[in-house]
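> Here it is, the structure, as structure tokens.
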Amino acid sequence: MVLEKRPAKEIVGKLVVTKEGKKIGLVKDISFEARSGELIHVVVASPTAYGASLNVETKDGGLLVPYSAIMAIGDFVVISEEDMR
């Protein structure tokens, strides 16, 4: 799925939720490929208990949510848990 391009400042600070509505945490940062600009991960800071229970890679206490798991970005960043594995 291709998402509309947005400046990073519009994504940082948004609440990350699953498509079922379970809260994961807040977007702290993004990681991307410098040459292509391709988004690789969204870094989720202060994960909820549910977010911390997910089997995903972490970095400096934040969860690394792969770009492929992002379904939509609006008032929230909506992710698919199935695509995080």
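By convention here, the chains of the structure tokens are called A, B, ... in the order presented, each chain's residues are numbered starting at 1, and ligands are numbered starting at 1 in the order presented.
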Give me, as a tab-separated table, each residue of region 21-48 of chain A that comes within 12 Å of region 75-85 of chain A, together with its shortest interatomic pair and the distance in Å at one decimal, counting only C-alpha atoms, with rows ordered by chain and rising residue number.

```
residue	atom	partner	partner_atom	distance
A:Gly21	CA	A:Val78	CA	8.3
A:Lys22	CA	A:Val78	CA	9.7
A:Lys23	CA	A:Val78	CA	9.6
A:Ile24	CA	A:Ile79	CA	9.4
A:Gly25	CA	A:Val77	CA	9.9
A:Leu26	CA	A:Val77	CA	9.0
A:Val27	CA	A:Val77	CA	8.4
A:His41	CA	A:Met84	CA	10.6
A:Val42	CA	A:Val77	CA	9.6
A:Val43	CA	A:Val77	CA	11.7
A:Val44	CA	A:Val77	CA	10.5
```
> Could you turn the residues from that selection into a file that holds N, CA and C atoms, as a short mmCIF file (atom, residue, chain, number, x, y, z; two decimals), in the first residue's frame?

```
data_model
loop_
_atom_site.label_atom_id
_atom_site.label_comp_id
_atom_site.auth_asym_id
_atom_site.auth_seq_id
_atom_site.Cartn_x
_atom_site.Cartn_y
_atom_site.Cartn_z
N GLY A 21 -8.12 -1.08 17.32
CA GLY A 21 -8.26 0.04 18.26
C GLY A 21 -7.42 -0.05 19.51
N LYS A 22 -6.52 -1.03 19.60
CA LYS A 22 -5.66 -1.16 20.78
C LYS A 22 -4.51 -0.16 20.68
N LYS A 23 -4.28 0.59 21.76
CA LYS A 23 -3.23 1.60 21.78
C LYS A 23 -1.86 0.93 21.91
N ILE A 24 -0.91 1.43 21.13
CA ILE A 24 0.46 0.90 21.14
C ILE A 24 1.42 1.89 21.80
N GLY A 25 1.30 3.17 21.49
CA GLY A 25 2.18 4.20 22.04
C GLY A 25 2.18 5.41 21.12
N LEU A 26 3.16 6.30 21.30
CA LEU A 26 3.26 7.52 20.50
C LEU A 26 4.47 7.47 19.58
N VAL A 27 4.32 8.01 18.38
CA VAL A 27 5.44 8.06 17.43
C VAL A 27 6.49 9.03 17.99
N HIS A 41 11.00 2.28 9.37
CA HIS A 41 10.32 2.04 10.64
C HIS A 41 9.72 3.33 11.18
N VAL A 42 8.71 3.17 12.00
CA VAL A 42 8.23 4.23 12.88
C VAL A 42 8.66 3.80 14.28
N VAL A 43 9.33 4.69 15.01
CA VAL A 43 9.78 4.38 16.36
C VAL A 43 8.70 4.83 17.33
N VAL A 44 8.19 3.89 18.12
CA VAL A 44 7.11 4.17 19.07
C VAL A 44 7.70 4.23 20.47
#
```
> List every residue of chain A that DSSP, applied to the backbone of this structure, places in strand (DSSP E), and write the result as a PyMOL selection string.
chain A and resi 15-18+23-32+39-45+58-59+62-66+70-73+76-79
> Print the selection's residues with C-alpha atoms to a file, as a CSV table (one decimal), in the first residue's frame.

```csv
chain,number,residue,atom,x,y,z
A,15,LEU,CA,-0.9,7.9,18.7
A,16,VAL,CA,-0.3,4.5,17.2
A,17,VAL,CA,-3.2,2.1,17.3
A,18,THR,CA,-4.0,-1.3,15.9
A,23,LYS,CA,-3.2,1.6,21.8
A,24,ILE,CA,0.5,0.9,21.1
A,25,GLY,CA,2.2,4.2,22.0
A,26,LEU,CA,3.3,7.5,20.5
A,27,VAL,CA,5.4,8.1,17.4
A,28,LYS,CA,8.8,9.3,18.7
A,29,ASP,CA,10.8,9.2,15.5
A,30,ILE,CA,11.0,7.6,12.0
A,31,SER,CA,13.9,5.8,10.4
A,32,PHE,CA,14.4,5.8,6.7
A,39,LEU,CA,10.5,4.9,5.3
A,40,ILE,CA,11.7,1.8,7.1
A,41,HIS,CA,10.3,2.0,10.6
A,42,VAL,CA,8.2,4.2,12.9
A,43,VAL,CA,9.8,4.4,16.4
A,44,VAL,CA,7.1,4.2,19.1
A,45,ALA,CA,8.1,5.6,22.4
A,58,THR,CA,13.2,-2.5,19.9
A,59,LYS,CA,15.7,0.3,19.9
A,62,GLY,CA,11.1,2.2,21.6
A,63,LEU,CA,9.3,-0.3,19.4
A,64,LEU,CA,10.3,-0.4,15.7
A,65,VAL,CA,7.1,-0.7,13.8
A,66,PRO,CA,7.8,-1.6,10.1
A,70,ILE,CA,1.1,0.9,8.6
A,71,MET,CA,-2.4,0.9,7.1
A,72,ALA,CA,-3.3,4.6,7.5
A,73,ILE,CA,-2.1,7.9,8.9
A,76,PHE,CA,-3.8,8.3,14.5
A,77,VAL,CA,-1.2,5.9,12.9
A,78,VAL,CA,-3.2,2.7,12.3
A,79,ILE,CA,-1.2,-0.5,12.0
```
> Mind listing the helix (DSSP H, G or I) residues of chain A, per DSSP on the backbone, as JSON, numbers by chain?
{"A": [8, 9, 10, 11, 49, 50, 51, 52, 53, 67, 68, 69, 81, 82, 83, 84]}
> In Å to one decimal, how far is CA of Asn55 (chain A) from CA of Lys9 (chain A)?
27.1 Å
